[in-house]
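What follows is one structure encoded as structure tokens, with my remarks underneath.
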There are 2 protein chains.
Amino acid sequence: MGKWGKRDDMIVHQESPYNAEPAPAALDRHPLTPLGTFFGRNHGMIQHIDPDAWRLRVDGLVDRPRTFSLAELQRRYEHRGVVATLQCAGNRRAELTAVRPIPGQVLWGPAAISTARWVGAPLADVLADAGLLPQAEHIAFVEAHTQPKAGEWPVFGGSIPVGKATAGEVLLAWEMNGAPLPAVHGGPVRVIVPGYIGARSVKWLQRVTAQEQPSDNHFQAADYRMLPPDADRAEAEEGHGLSLGVAALNAAILTPTDGQALLAGPVRVSGYAVAGEGRGVARVDVSVDRGRHWRQAEFGETDDPWAWRLWQISLELPPGPAQIVARAWDTSATVQPERAENVWNPLGYMNTAWSRVRVTCA
Amino acid sequence: MGKWGKRDDMIVHQESPYNAEPAPAALDRHPLTPLGTFFGRNHGMIQHIDPDAWRLRVDGLVDRPRTFSLAELQRRYEHRGVVATLQCAGNRRAELTAVRPIPGQVLWGPAAISTARWVGAPLADVLADAGLLPQAEHIAFVEAHTQPKAGEWPVFGGSIPVGKATAGEVLLAWEMNGAPLPAVHGGPVRVIVPGYIGARSVKWLQRVTAQEQPSDNHFQAADYRMLPPDADRAEAEEGHGLSLGVAALNAAILTPTDGQALLAGPVRVSGYAVAGEGRGVARVDVSVDRGRHWRQAEFGETDDPWAWRLWQISLELPPGPAQIVARAWDTSATVQPERAENVWNPLGYMNTAWSRVRVTCA
């Protein structure tokens with residue numbers, strides 16, 4: 001067992017802040033990602049908070065601001081379970097660097113994505129209980145900063161529109177796959193915002209604020225922005241570009257792995273596909289002739305509305321090199337774009353291009 | 001003035017059923033499409049129904065089924081106004097035929113889309129008033145069939161999920177751009193389902209039924225389905241393929257027109273972009289070098305959540321042939337796919353590929 005309870009073969013991009021993803025094949029065949037395999041994405045130190053000492057402040061545009069202990073939160077609200085996939089907005093960034101370099105960013109492979117069953121209090125109920133005022137347009141989250149981190153790393157936060165915050169699927173979660181939420185994933189309590197980029201599921205939650213404007217926290221106001229391809233990276237600091245929120249349709253091949261040597265014959269190809277808010281994954285196509293002909297993959301049995309769909313297909317591969325390509329369609333008949341060139345952006349977010357792995361068969 | 005009060009230069013694909021779209025340039029500069037320009041898409045005869053004789057039946061999984069006259073509908077419910085774009089799922093089908101033929105379907109250009117301000121009763125209120133039962137999963141609509149059309153054309157209908165039907169934006173509409181809803185657009189009352197394919201906005205509405213299953217009407221059960229590219233068209237009849245509902249991100253160039261001769265120098269390029277349910281149009285990129293470099297278009301002033309965004313940009317074109325390409329991004333950072341080959345399907349639905357026009361400058 002490696003650091004933070006993770007498997008030994010995690011691909012650790014940075015030790016501090018801890019940024020690590022599993023090998024793609026480790027996600028295969030697991031509708032729920034084991035805790036030791038779940039990717040970790042951090043902008044600061046992992047915080048260790050005594051659950052008994054933890055407090056949550058709910059304030060801003062509400063009639064009755066209040067402070068909760070964990071026991072109060074658990075006693076007062078329904079314990080709702082939601083199976084939800086979290087995906088870093090930088091998932092698959094490494095593939096984009098084949099187009100042009102993306103300096104200063106974590107170069108994630110296709111496994112900065114994982115799925116768990118989360119249990120917690122519905123944020124909608126907490127806000128209703130606090131008397132949410134009609135002028136509230138956004139619900140902002142800020143992490144705790146119990147450690148002497150100020151000056152080293154900025155405090156992490158972000159917000160979501162009030163319509164999303166009051167939908168039933170957003171949780172203040174204290175449980176992950178049946179275990180108390182571990183510190184490395186934001187325990188004792190984090191936000192889970194299904195269908196949104198992972199950055200909005202703020203860890204080590206300390207404060208929930210109803211407000212008129214989106215969060216002015218650095219990680220929303222100046223980061224997690226998709227700039228036009230020819231923009232200067234500094235433009236993000238000035239609030240230019242598309243502020244990411246709702247996740248886009250995406251899919252990737254998990255097995256075989258890029259560069260893998262295989263025996264010719266039937267090869268099992270597997271992967272995941274994930275649709276954004278309000279959409280489902282409708283179809284996954286797989287091609288071995290660069291998209292001239294496609295076959296449809298089979299979905300795994302589980303189909304939770306806020307989770308990825310795992311898929312697989314058996315392909316007959318002849319001896320020699322081969323490129324396997326996969327693309328997903330969502331229930332609106334949206335299909336992923338073909339080429340990484342078409343989605344490249346200066347900060348390397350939301351690589352939704354067709355997934356490709358190159359293999360050699362003997 | 002041409003047939004059905006439409007402009008003389010409508011492109012009439014069929015006289016009966018009446019299927020016509022304006023020249024693309026006629027949509028430019030009009031956030032609301034004039035009634036005489038609005039596209040018409042029909043699977044049967046235009047029906048002429050006396051508003052005083054019209055009745056609407058609301059039934060199925062409700063506590064209190066009832067029948068309304070138009071006066072009762074207007075007296076009992078809020079008159080809600082929604083600016084909404086309707087788009088035929090076959091919009092831009094003609095461009096797909098450059099990949100492979102699509103026999104037996106109307107070959108729409110890029111103008112099978114229009115926008116109006118609709119006024120009507122919120123369907124949510126009508127259903128709540130009827131006592132919608134919790135087991136209702138879908139709300140089905142059927143058109144009137146006042147004319148001896150049975151045997152000639154099947155009765156048109158379709159359904160939407162109950163979650164959409166009980167959202168506030170779905171209307172039973174009797175007014176279009178300030179005028180009583182004309183017969184050619186489904187008067188006296190039609191459904192308006194913003195964010196969905198036009199086929200779900202059933203005209204000449206006669207019946208609203210709450211039910212457990214989606215509509216078994218031909219136009220939902222066996223038509224308006226996106227099949228895999230290599231499927232047999234007959235598979236749609238068997239209920240295969242993706243049943244279209246939520247509209248996908250799309251955009252097209254309105255001016256200049258494909259094949260137009262222009263003077264070299266600054267050229268105004270204009271068009272529309274439309275995002276599906278729960279998404280907004282975030283950016284429109286325009287290129288004159290087949291996508292190697294892009295410039296961002298400017299949006300028109302109006303920004304209604306259920307309507308297209310009109311856009312324009314001034315480009316400097318040198319003498320000679322040029323290809324202008326446009327693509328849209330939505331607020332989830334989804335971008336349109338590049339090539340028509342990537343979206344071609346046997347029934348020619350949902351062409352969301354980049355829009356291209358070829359011009360010659362002198």
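Order determines the names: the first chain of the structure tokens is A, the second B, and so forth; residues in each chain are numbered 1 upward, and ligands are numbered 1 upward as they are shown.
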
Quiz item: Contacts of B:Ala333 at 12 Å or less, counting only C-alpha atoms, minus same-chain residues fewer than 3 places along, as a ChimeraX atom specification?
Solution: /A:89,196-197,224-228,241-250,276,336-337,342-345,348-353 /B:249,275,279-284,328-330,336

Self-check item: In stretch 60-169 of chain B, DSSP strand (DSSP E or B) residues written as a PyMOL selection string
Solution: chain B and resi 60+62+66-69+80-87+113-122+132+138-143+157-161

Exercise. Among the residues of stretch 202-248 of chain A, find those DSSP assigns to helix (DSSP H, G or I) from the backbone and print them as a ChimeraX atom specification.
Key: /A:218-221,234-237

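Those residues that approach A:Val359 to within 12 Å, counting only C-alpha atoms, are Thr255, Pro256, Thr257, Asp258, Gly259, Gln260, Ala261, Leu262, Leu263, Ala264, Val267, Val269, Val288, Leu317, Pro318, Pro319, Gly320, Pro321, Ala322, Gln323, Ile324, Val325, Arg356 and Ala362 of chain A; same-chain residues fewer than 3 positions away are not listed.
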
Could those residues be written to a file, using N, CA and C atoms, as a PDB file, in the first residue's frame?
```
ATOM      1  N   THR A 255      -8.293  -0.392 -21.558  1.00  0.00           N
ATOM      2  CA  THR A 255      -7.440  -1.514 -21.987  1.00  0.00           C
ATOM      3  C   THR A 255      -7.711  -1.801 -23.451  1.00  0.00           C
ATOM      4  N   PRO A 256      -6.723  -2.194 -24.253  1.00  0.00           N
ATOM      5  CA  PRO A 256      -5.305  -2.259 -23.903  1.00  0.00           C
ATOM      6  C   PRO A 256      -4.733  -0.861 -23.645  1.00  0.00           C
ATOM      7  N   THR A 257      -3.518  -0.830 -23.128  1.00  0.00           N
ATOM      8  CA  THR A 257      -2.841   0.427 -22.823  1.00  0.00           C
ATOM      9  C   THR A 257      -2.063   0.893 -24.056  1.00  0.00           C
ATOM     10  N   ASP A 258      -1.903   2.189 -24.186  1.00  0.00           N
ATOM     11  CA  ASP A 258      -1.160   2.755 -25.306  1.00  0.00           C
ATOM     12  C   ASP A 258       0.248   2.151 -25.333  1.00  0.00           C
ATOM     13  N   GLY A 259       0.651   1.626 -26.484  1.00  0.00           N
ATOM     14  CA  GLY A 259       1.996   1.063 -26.635  1.00  0.00           C
ATOM     15  C   GLY A 259       2.091  -0.406 -26.293  1.00  0.00           C
ATOM     16  N   GLN A 260       0.981  -1.005 -25.863  1.00  0.00           N
ATOM     17  CA  GLN A 260       1.022  -2.393 -25.388  1.00  0.00           C
ATOM     18  C   GLN A 260       1.298  -3.378 -26.536  1.00  0.00           C
ATOM     19  N   ALA A 261       2.041  -4.450 -26.224  1.00  0.00           N
ATOM     20  CA  ALA A 261       2.279  -5.543 -27.169  1.00  0.00           C
ATOM     21  C   ALA A 261       1.266  -6.644 -26.879  1.00  0.00           C
ATOM     22  N   LEU A 262       0.582  -7.124 -27.912  1.00  0.00           N
ATOM     23  CA  LEU A 262      -0.507  -8.091 -27.741  1.00  0.00           C
ATOM     24  C   LEU A 262      -0.300  -9.270 -28.663  1.00  0.00           C
ATOM     25  N   LEU A 263      -1.025 -10.339 -28.385  1.00  0.00           N
ATOM     26  CA  LEU A 263      -1.098 -11.437 -29.339  1.00  0.00           C
ATOM     27  C   LEU A 263      -2.207 -11.125 -30.344  1.00  0.00           C
ATOM     28  N   ALA A 264      -1.956 -11.367 -31.619  1.00  0.00           N
ATOM     29  CA  ALA A 264      -2.999 -11.190 -32.626  1.00  0.00           C
ATOM     30  C   ALA A 264      -4.161 -12.117 -32.318  1.00  0.00           C
ATOM     31  N   VAL A 267      -9.145  -9.420 -29.166  1.00  0.00           N
ATOM     32  CA  VAL A 267      -8.623  -8.556 -28.100  1.00  0.00           C
ATOM     33  C   VAL A 267      -9.800  -7.859 -27.436  1.00  0.00           C
ATOM     34  N   VAL A 269     -11.299  -4.848 -25.743  1.00  0.00           N
ATOM     35  CA  VAL A 269     -11.070  -3.411 -25.596  1.00  0.00           C
ATOM     36  C   VAL A 269     -12.118  -2.902 -24.616  1.00  0.00           C
ATOM     37  N   VAL A 288     -11.013   0.328 -35.815  1.00  0.00           N
ATOM     38  CA  VAL A 288      -9.598  -0.002 -35.981  1.00  0.00           C
ATOM     39  C   VAL A 288      -9.085   0.484 -37.334  1.00  0.00           C
ATOM     40  N   LEU A 317      -7.782  -8.552 -33.996  1.00  0.00           N
ATOM     41  CA  LEU A 317      -6.657  -7.752 -34.486  1.00  0.00           C
ATOM     42  C   LEU A 317      -5.644  -8.643 -35.196  1.00  0.00           C
ATOM     43  N   PRO A 318      -5.238  -8.276 -36.416  1.00  0.00           N
ATOM     44  CA  PRO A 318      -4.234  -9.046 -37.157  1.00  0.00           C
ATOM     45  C   PRO A 318      -2.830  -8.717 -36.649  1.00  0.00           C
ATOM     46  N   PRO A 319      -1.823  -9.522 -37.009  1.00  0.00           N
ATOM     47  CA  PRO A 319      -0.456  -9.185 -36.609  1.00  0.00           C
ATOM     48  C   PRO A 319      -0.046  -7.828 -37.190  1.00  0.00           C
ATOM     49  N   GLY A 320       0.782  -7.102 -36.428  1.00  0.00           N
ATOM     50  CA  GLY A 320       1.253  -5.799 -36.889  1.00  0.00           C
ATOM     51  C   GLY A 320       0.757  -4.685 -35.997  1.00  0.00           C
ATOM     52  N   PRO A 321       1.079  -3.437 -36.364  1.00  0.00           N
ATOM     53  CA  PRO A 321       0.631  -2.307 -35.543  1.00  0.00           C
ATOM     54  C   PRO A 321      -0.847  -1.999 -35.793  1.00  0.00           C
ATOM     55  N   ALA A 322      -1.525  -1.521 -34.793  1.00  0.00           N
ATOM     56  CA  ALA A 322      -2.935  -1.138 -34.937  1.00  0.00           C
ATOM     57  C   ALA A 322      -3.211   0.091 -34.085  1.00  0.00           C
ATOM     58  N   GLN A 323      -4.155   0.894 -34.548  1.00  0.00           N
ATOM     59  CA  GLN A 323      -4.631   1.999 -33.717  1.00  0.00           C
ATOM     60  C   GLN A 323      -6.102   1.735 -33.416  1.00  0.00           C
ATOM     61  N   ILE A 324      -6.444   1.736 -32.129  1.00  0.00           N
ATOM     62  CA  ILE A 324      -7.833   1.548 -31.709  1.00  0.00           C
ATOM     63  C   ILE A 324      -8.376   2.919 -31.328  1.00  0.00           C
ATOM     64  N   VAL A 325      -9.554   3.247 -31.872  1.00  0.00           N
ATOM     65  CA  VAL A 325     -10.165   4.555 -31.640  1.00  0.00           C
ATOM     66  C   VAL A 325     -11.544   4.341 -31.032  1.00  0.00           C
ATOM     67  N   ARG A 356      -7.548   7.304 -28.425  1.00  0.00           N
ATOM     68  CA  ARG A 356      -6.773   6.458 -29.346  1.00  0.00           C
ATOM     69  C   ARG A 356      -5.685   5.738 -28.570  1.00  0.00           C
ATOM     70  N   ALA A 362       1.518  -9.484 -32.254  1.00  0.00           N
ATOM     71  CA  ALA A 362       2.498 -10.443 -32.779  1.00  0.00           C
ATOM     72  C   ALA A 362       1.806 -11.784 -33.020  1.00  0.00           C
TER      73      ALA A 362
END
```
